[in-house]
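To keep things clear, I will list the structure first and then write my remarks on it.
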Amino acid sequence: MRATAPVHTPSIIVDGVRKTFMLNHAHSLKDTVVSWIRGRKLSTQFHALNGLDLVVNEGDSIAILGYNGSGKSTLLKLLSGVMQPDGGHVLTRGRVAGLIEVGAGFHPELSGRENVFLNAAILGMQQKEIEARYDEIVAFAEIGQFIDQEVKHYSSGMFMRLAFSVAIHVDVDVLLVDEILSVGDAPFREKCRAKFEELIAAGKTLVIVSHDMEMVRELCNRAVVIRKGELAFDGDVDDAIAAMSEG
Amino acid sequence: MPSEPEVSAPDLFAHVPRSEFQTPGTSRGLLDVFRWHYLLKLLVRTGVTTRYRNSVLGWTWSYVRPATQFLVFWLIMGVFMKLGDTVPNYPVYLFSGIIGINFFNEAFGNATRSIVGNAPLVRKVYLPRQLFSVSAVFVAFVHFLPQVGLLLIVCLFMGWIVNITVMSVLAFLAGILILAMVAFGAGLFFGAVNVRFRDAEPIVELLLMLVTWASPVLYFWTMVRDAFPGWLLQLYMLNPITVAVELFHYAFWEPVSRGRISELGIPLHPDLGWLTLWASLISLATILIGQAVFRRLEGRFAQDL
């Protein structure tokens, strides 16, 4: 068996994962009482993920496809540890970091330089690592002399470039990417794509959630389609894109 | 189909042992805070440096607020109600209590708001969430320092340095530790509850309002002794904040007024040593309870915020 099967070194194991959200209809004590008297339901359940199984191997670059509300972002949040599954198991190997809505940790009153250190630390880097990569991060962001300005004076493009640059320079084994491939102008996007290719070449595992099919085609070697919290397709990227538009 | 995990499970771990995998988002409580000490340092620095950004007077505000508070209390209690006549160095007594309460209030209040206040981060990035509570207490401590400086200057003028003992310094440190521990433990508890039920914040505001009056800051513990039955006094003295305030009195007020204290019949509590021990245990229990509740609730922070 072992001789015939390809060598599997999983980076991520998702095993029968379920995630249910309660949608509250009553938002105050009054609402609660009124709904209760009228016999209305106080909350309904929403199954974001319904027993999902997925194994991602080391060095894979996998796209998670699906329409809005299919559970893609929930899956990424479970992988990053921000949320806990209600059932099943999520296992990851090595350092996991997310390019999930970059810039969440930016403080507008701090300078670009201070924000680089703060955010890299938030993403789990140690002081020495940040110092070693600092020049690279600033160069990649193309911020130049504005690095000592307070971030609140940045244009939105500059802000996103710096945030993205910090996140992508974190030393990780597994990188989770959520819808941020559309950062900046065309030249910067091109640079990001090159950076992703560099990471893939370095054998990092990438999990990409995107609606940008062009980007997915170029970067990913595998794709899964999630529909209503369940795995609808798993395999080749082109087939997955076809399978998605069918559903 | 349902049997698939069992079939594939041994195969999954064929090349990489199970032990190399982690479950994302597993917190080890306070241990994580030590591992993430660099981020803690940056969070504290951010909290301290951004506090008075864009304000002309800046750090002066850290002095103006307690000074105003002190003046009002001193005018009302010391002058109008003539406590200043019966008590030696009443201003020192008053101010050493006020700064202790201020430290506690700020640490407790900040810690309570710390999780909701960092909602964008808590929702999107996994990091040990207790870091926010711990840094809130540290930031409060940094703001406590200039007030201590102010008090020290006054005490120096009153000959405090001559009478200072090792015990005074130890009492001061013990007081700080007790206040920080209770603020941290209670802050964890209310900070975690605040995510789901925003009622926690007004409750804490109410508590903070009471704290000043529930401890002998403006008055003396002997007044409580004279008015309350014994068991109620015991209960009163078990409040760790009360003990911390008394420790501050012991550290600053006792050395400047030594000799005149016993003469006037308002000595410090005779069992202050035992009370300190009890207060430390209660503070520790507060942290343990806060930890337990926080760790139980933190798995749901991201979806409840």
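Identifiers for the structure tokens are assigned positionally: chains receive A, B, ... in sequence, residues are indexed from 1 per chain, and ligands are indexed from 1 in the order shown.
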*Could you please select, counting only C-alpha atoms, the residues of chain A within 8 Å of chain B and state them as number ranges by chain?*
A: 7-10, 15, 77-84, 89-94, 98, 100-101, 104-105, 109-110, 118, 121-124, 126-127
Next, write the just-selected residues to a file, as a PDB file, in the first residue's frame, keeping C-alpha atoms as the atom set.
```pdb
ATOM      1  CA  VAL A   7       3.948  10.098  -0.150  1.00  0.00           C
ATOM      2  CA  HIS A   8       1.468  12.131   1.837  1.00  0.00           C
ATOM      3  CA  THR A   9       2.776  14.621   4.307  1.00  0.00           C
ATOM      4  CA  PRO A  10      -0.344  16.449   5.383  1.00  0.00           C
ATOM      5  CA  ASP A  15     -11.972  15.866   9.732  1.00  0.00           C
ATOM      6  CA  LYS A  77     -11.189  31.051  10.519  1.00  0.00           C
ATOM      7  CA  LEU A  78     -11.208  27.514  11.863  1.00  0.00           C
ATOM      8  CA  LEU A  79      -7.802  26.859  10.294  1.00  0.00           C
ATOM      9  CA  SER A  80      -6.335  30.000  11.821  1.00  0.00           C
ATOM     10  CA  GLY A  81      -7.783  29.176  15.238  1.00  0.00           C
ATOM     11  CA  VAL A  82      -9.894  32.324  15.525  1.00  0.00           C
ATOM     12  CA  MET A  83     -12.949  30.077  15.818  1.00  0.00           C
ATOM     13  CA  GLN A  84     -13.423  26.609  17.208  1.00  0.00           C
ATOM     14  CA  HIS A  89     -11.274  18.088  14.328  1.00  0.00           C
ATOM     15  CA  VAL A  90      -8.943  20.587  12.749  1.00  0.00           C
ATOM     16  CA  LEU A  91      -5.233  19.814  12.828  1.00  0.00           C
ATOM     17  CA  THR A  92      -2.427  21.904  11.420  1.00  0.00           C
ATOM     18  CA  ARG A  93       1.303  21.349  11.277  1.00  0.00           C
ATOM     19  CA  GLY A  94       3.897  24.083  11.614  1.00  0.00           C
ATOM     20  CA  GLY A  98      -3.382  34.321   7.727  1.00  0.00           C
ATOM     21  CA  ILE A 100      -7.082  37.501   6.476  1.00  0.00           C
ATOM     22  CA  GLU A 101      -8.177  41.092   6.173  1.00  0.00           C
ATOM     23  CA  ALA A 104      -6.667  44.581  11.416  1.00  0.00           C
ATOM     24  CA  GLY A 105      -3.907  45.280  13.921  1.00  0.00           C
ATOM     25  CA  GLU A 109      -1.766  56.921  15.574  1.00  0.00           C
ATOM     26  CA  LEU A 110       1.465  54.987  15.226  1.00  0.00           C
ATOM     27  CA  LEU A 118       3.413  45.717  16.132  1.00  0.00           C
ATOM     28  CA  ALA A 121       4.462  40.611  16.439  1.00  0.00           C
ATOM     29  CA  ILE A 122       0.682  40.146  16.296  1.00  0.00           C
ATOM     30  CA  LEU A 123       1.214  37.621  13.510  1.00  0.00           C
ATOM     31  CA  GLY A 124       3.585  35.735  15.791  1.00  0.00           C
ATOM     32  CA  GLN A 126       9.821  37.593  17.402  1.00  0.00           C
ATOM     33  CA  GLN A 127      11.802  40.802  17.664  1.00  0.00           C
TER      34      GLN A 127
END
```
*asked:* Run DSSP on the backbone and tell me which residues of range 13-211 of chain A come out as alpha helix (DSSP H); list them as a PyMOL selection string.
replied: chain A and resi 29-37+72-80+112-122+127-141+156-168+186-201
Take the residues from that selection and write them out as a compact mmCIF listing (two decimals), in the first residue's frame, keeping C-alpha atoms.
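Written file, out-v5.txt:
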```txt
# COMPACT_ATOMS: atom_id res chain seq x y z
CA LEU A 29 -35.22 41.58 26.83
CA LYS A 30 -38.41 43.08 25.36
CA ASP A 31 -37.90 41.25 22.05
CA THR A 32 -37.33 38.02 23.95
CA VAL A 33 -40.52 38.35 25.96
CA VAL A 34 -42.62 39.38 22.95
CA SER A 35 -41.31 36.51 20.79
CA TRP A 36 -41.84 34.07 23.61
CA ILE A 37 -45.45 35.14 24.16
CA LYS A 72 -15.16 29.37 2.83
CA SER A 73 -14.26 32.12 5.24
CA THR A 74 -15.54 30.10 8.18
CA LEU A 75 -13.18 27.32 7.13
CA LEU A 76 -10.25 29.74 7.08
CA LYS A 77 -11.19 31.05 10.52
CA LEU A 78 -11.21 27.51 11.86
CA LEU A 79 -7.80 26.86 10.29
CA SER A 80 -6.33 30.00 11.82
CA GLY A 112 4.51 53.02 9.70
CA ARG A 113 7.67 51.74 11.33
CA GLU A 114 5.98 51.12 14.69
CA ASN A 115 3.07 49.44 12.94
CA VAL A 116 5.38 47.07 11.10
CA PHE A 117 6.79 45.86 14.40
CA LEU A 118 3.41 45.72 16.13
CA ASN A 119 1.72 43.79 13.34
CA ALA A 120 4.54 41.38 12.71
CA ALA A 121 4.46 40.61 16.44
CA ILE A 122 0.68 40.15 16.30
CA GLN A 127 11.80 40.80 17.66
CA LYS A 128 14.94 39.41 15.97
CA GLU A 129 13.01 38.02 13.01
CA ILE A 130 11.24 41.33 12.48
CA GLU A 131 14.48 43.31 12.68
CA ALA A 132 16.05 40.95 10.14
CA ARG A 133 13.17 41.39 7.69
CA TYR A 134 12.34 45.01 8.33
CA ASP A 135 14.13 46.47 5.28
CA GLU A 136 12.62 43.86 3.03
CA ILE A 137 9.11 44.61 4.30
CA VAL A 138 9.45 48.37 3.76
CA ALA A 139 11.03 47.92 0.33
CA PHE A 140 8.25 45.58 -0.77
CA ALA A 141 5.55 48.00 0.38
CA SER A 156 -5.59 53.66 1.37
CA GLY A 157 -3.30 52.11 -1.21
CA MET A 158 -0.20 52.76 0.88
CA PHE A 159 -1.93 51.41 3.95
CA MET A 160 -2.93 48.17 2.24
CA ARG A 161 0.49 47.73 0.67
CA LEU A 162 2.25 48.05 4.01
CA ALA A 163 -0.22 45.76 5.78
CA PHE A 164 0.07 43.19 3.03
CA SER A 165 3.84 43.42 2.99
CA VAL A 166 4.05 42.72 6.73
CA ALA A 167 1.72 39.75 6.49
CA ILE A 168 3.48 38.14 3.55
CA ALA A 186 -1.53 46.50 -11.32
CA PRO A 187 2.26 46.61 -10.79
CA PHE A 188 1.85 45.86 -7.09
CA ARG A 189 -0.53 43.00 -7.83
CA GLU A 190 2.03 41.57 -10.18
CA LYS A 191 4.62 41.79 -7.44
CA CYS A 192 2.31 40.00 -5.01
CA ARG A 193 1.73 37.23 -7.51
CA ALA A 194 5.49 36.82 -7.89
CA LYS A 195 5.82 36.70 -4.11
CA PHE A 196 3.19 33.97 -3.91
CA GLU A 197 5.01 31.99 -6.57
CA GLU A 198 8.18 32.37 -4.56
CA LEU A 199 6.41 30.97 -1.49
CA ILE A 200 5.02 28.06 -3.50
CA ALA A 201 8.48 27.33 -4.89
```
*Figure out the distance between CA of Thr242 in chain B and CA of Ser215 in chain B, please, to one decimal in Å.*
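Between CA of Ser215 in chain B and CA of Thr242 in chain B the gap is 4.6 Å.
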*Determine which residues of range 13-63 of chain A receive a DSSP assignment of strand (DSSP E or B), computed from the backbone, and state them as JSON, numbers by chain.*
{"A": [13, 14, 15, 16, 17, 18, 19, 20, 21, 22, 23, 24, 43, 44, 45, 46, 47, 48, 49, 50, 51, 52, 53, 54, 55, 56, 57, 61, 62, 63]}
*Pick out the residues sitting within 7 Å of Val182 in chain B, and hand them over as a list in words; count only C-alpha atoms, and ignore anything fewer than 4 positions along from it in its own chain.*
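The filter keeps Ile178, Ala186, Ser283, Thr286 and Ile287 of chain B.
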Could the residues in this selection be saved with N, CA and C atoms as a PDB file, in the first residue's frame?
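Okay, part01.pdb is ready:
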```
ATOM      1  N   ILE B 178      -1.351  43.353  45.128  1.00  0.00           N
ATOM      2  CA  ILE B 178      -2.734  42.961  45.421  1.00  0.00           C
ATOM      3  C   ILE B 178      -3.692  43.673  44.476  1.00  0.00           C
ATOM      4  N   ALA B 186     -10.444  40.165  38.054  1.00  0.00           N
ATOM      5  CA  ALA B 186     -11.804  40.654  37.832  1.00  0.00           C
ATOM      6  C   ALA B 186     -11.946  41.167  36.404  1.00  0.00           C
ATOM      7  N   SER B 283      -6.852  37.578  46.254  1.00  0.00           N
ATOM      8  CA  SER B 283      -6.446  38.068  44.926  1.00  0.00           C
ATOM      9  C   SER B 283      -6.117  36.893  44.017  1.00  0.00           C
ATOM     10  N   THR B 286      -9.183  35.313  42.853  1.00  0.00           N
ATOM     11  CA  THR B 286      -9.818  36.118  41.813  1.00  0.00           C
ATOM     12  C   THR B 286      -9.217  35.792  40.455  1.00  0.00           C
ATOM     13  N   ILE B 287      -7.879  35.688  40.416  1.00  0.00           N
ATOM     14  CA  ILE B 287      -7.224  35.381  39.147  1.00  0.00           C
ATOM     15  C   ILE B 287      -7.626  33.998  38.654  1.00  0.00           C
TER      16      ILE B 287
END
```
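If you look at CA of Asn110 in chain B and CA of Val243 in chain B, they are 22.2 Å away from each other.
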*For the atom pair CA of Asp32 in chain B and CA of Val134 in chain B, what is the interatomic distance in Å to one decimal place?*
11.4 Å
Mind checking which residues fall within 12 Å of Trp213 in chain B, counting only C-alpha atoms, ignoring those fewer than 3 positions away in the same chain, and posting them as a short mmCIF file (atom, residue, chain, number, x, y, z; two decimals) with N, CA and C atoms, in the first residue's frame?
```cif
data_model
loop_
_atom_site.label_atom_id
_atom_site.label_comp_id
_atom_site.auth_asym_id
_atom_site.auth_seq_id
_atom_site.Cartn_x
_atom_site.Cartn_y
_atom_site.Cartn_z
N PHE B 73 -11.61 66.33 47.47
CA PHE B 73 -11.77 65.51 48.68
C PHE B 73 -11.19 66.22 49.91
N GLY B 97 -4.17 56.94 49.52
CA GLY B 97 -5.32 56.08 49.23
C GLY B 97 -5.85 56.30 47.83
N ILE B 98 -5.93 57.58 47.44
CA ILE B 98 -6.50 57.92 46.13
C ILE B 98 -5.70 57.28 45.00
N ILE B 101 -6.49 53.60 44.64
CA ILE B 101 -7.81 53.38 44.03
C ILE B 101 -7.78 53.71 42.54
N LEU B 206 -20.34 50.68 37.91
CA LEU B 206 -20.99 50.79 39.22
C LEU B 206 -20.01 50.36 40.33
N LEU B 207 -19.35 49.23 40.09
CA LEU B 207 -18.39 48.73 41.07
C LEU B 207 -17.28 49.75 41.31
N LEU B 208 -16.79 50.33 40.21
CA LEU B 208 -15.69 51.29 40.33
C LEU B 208 -16.10 52.49 41.16
N MET B 209 -17.38 52.86 41.02
CA MET B 209 -17.87 53.99 41.79
C MET B 209 -17.87 53.66 43.28
N LEU B 210 -18.19 52.40 43.59
CA LEU B 210 -18.29 51.98 44.98
C LEU B 210 -16.92 51.79 45.63
N PRO B 216 -11.12 52.52 53.23
CA PRO B 216 -10.84 53.72 54.02
C PRO B 216 -9.91 54.70 53.31
N VAL B 217 -10.44 55.36 52.30
CA VAL B 217 -9.64 56.34 51.57
C VAL B 217 -9.84 57.72 52.17
N LEU B 218 -11.12 58.08 52.35
CA LEU B 218 -11.44 59.41 52.86
C LEU B 218 -11.57 59.39 54.38
N TYR B 219 -11.99 58.24 54.89
CA TYR B 219 -12.21 58.11 56.33
C TYR B 219 -11.22 57.11 56.91
N PHE B 220 -11.47 56.63 58.14
CA PHE B 220 -10.53 55.71 58.79
C PHE B 220 -11.23 54.40 59.14
N TRP B 221 -10.44 53.37 59.13
CA TRP B 221 -11.05 52.07 59.41
C TRP B 221 -11.63 52.03 60.82
N VAL B 224 -15.29 52.62 60.93
CA VAL B 224 -16.07 51.43 60.60
C VAL B 224 -16.15 50.53 61.83
N TYR B 236 -15.53 43.62 56.07
CA TYR B 236 -15.03 44.86 55.47
C TYR B 236 -13.52 44.78 55.27
N ASN B 239 -11.91 42.78 52.25
CA ASN B 239 -11.84 43.37 50.92
C ASN B 239 -10.36 43.64 50.58
N ILE B 241 -8.97 45.34 48.38
CA ILE B 241 -8.67 46.73 48.05
C ILE B 241 -8.45 47.54 49.34
N THR B 242 -9.29 47.24 50.34
CA THR B 242 -9.15 47.89 51.64
C THR B 242 -7.77 47.62 52.22
N VAL B 245 -5.12 49.55 50.37
CA VAL B 245 -5.13 50.96 50.75
C VAL B 245 -4.45 51.14 52.11
#
```
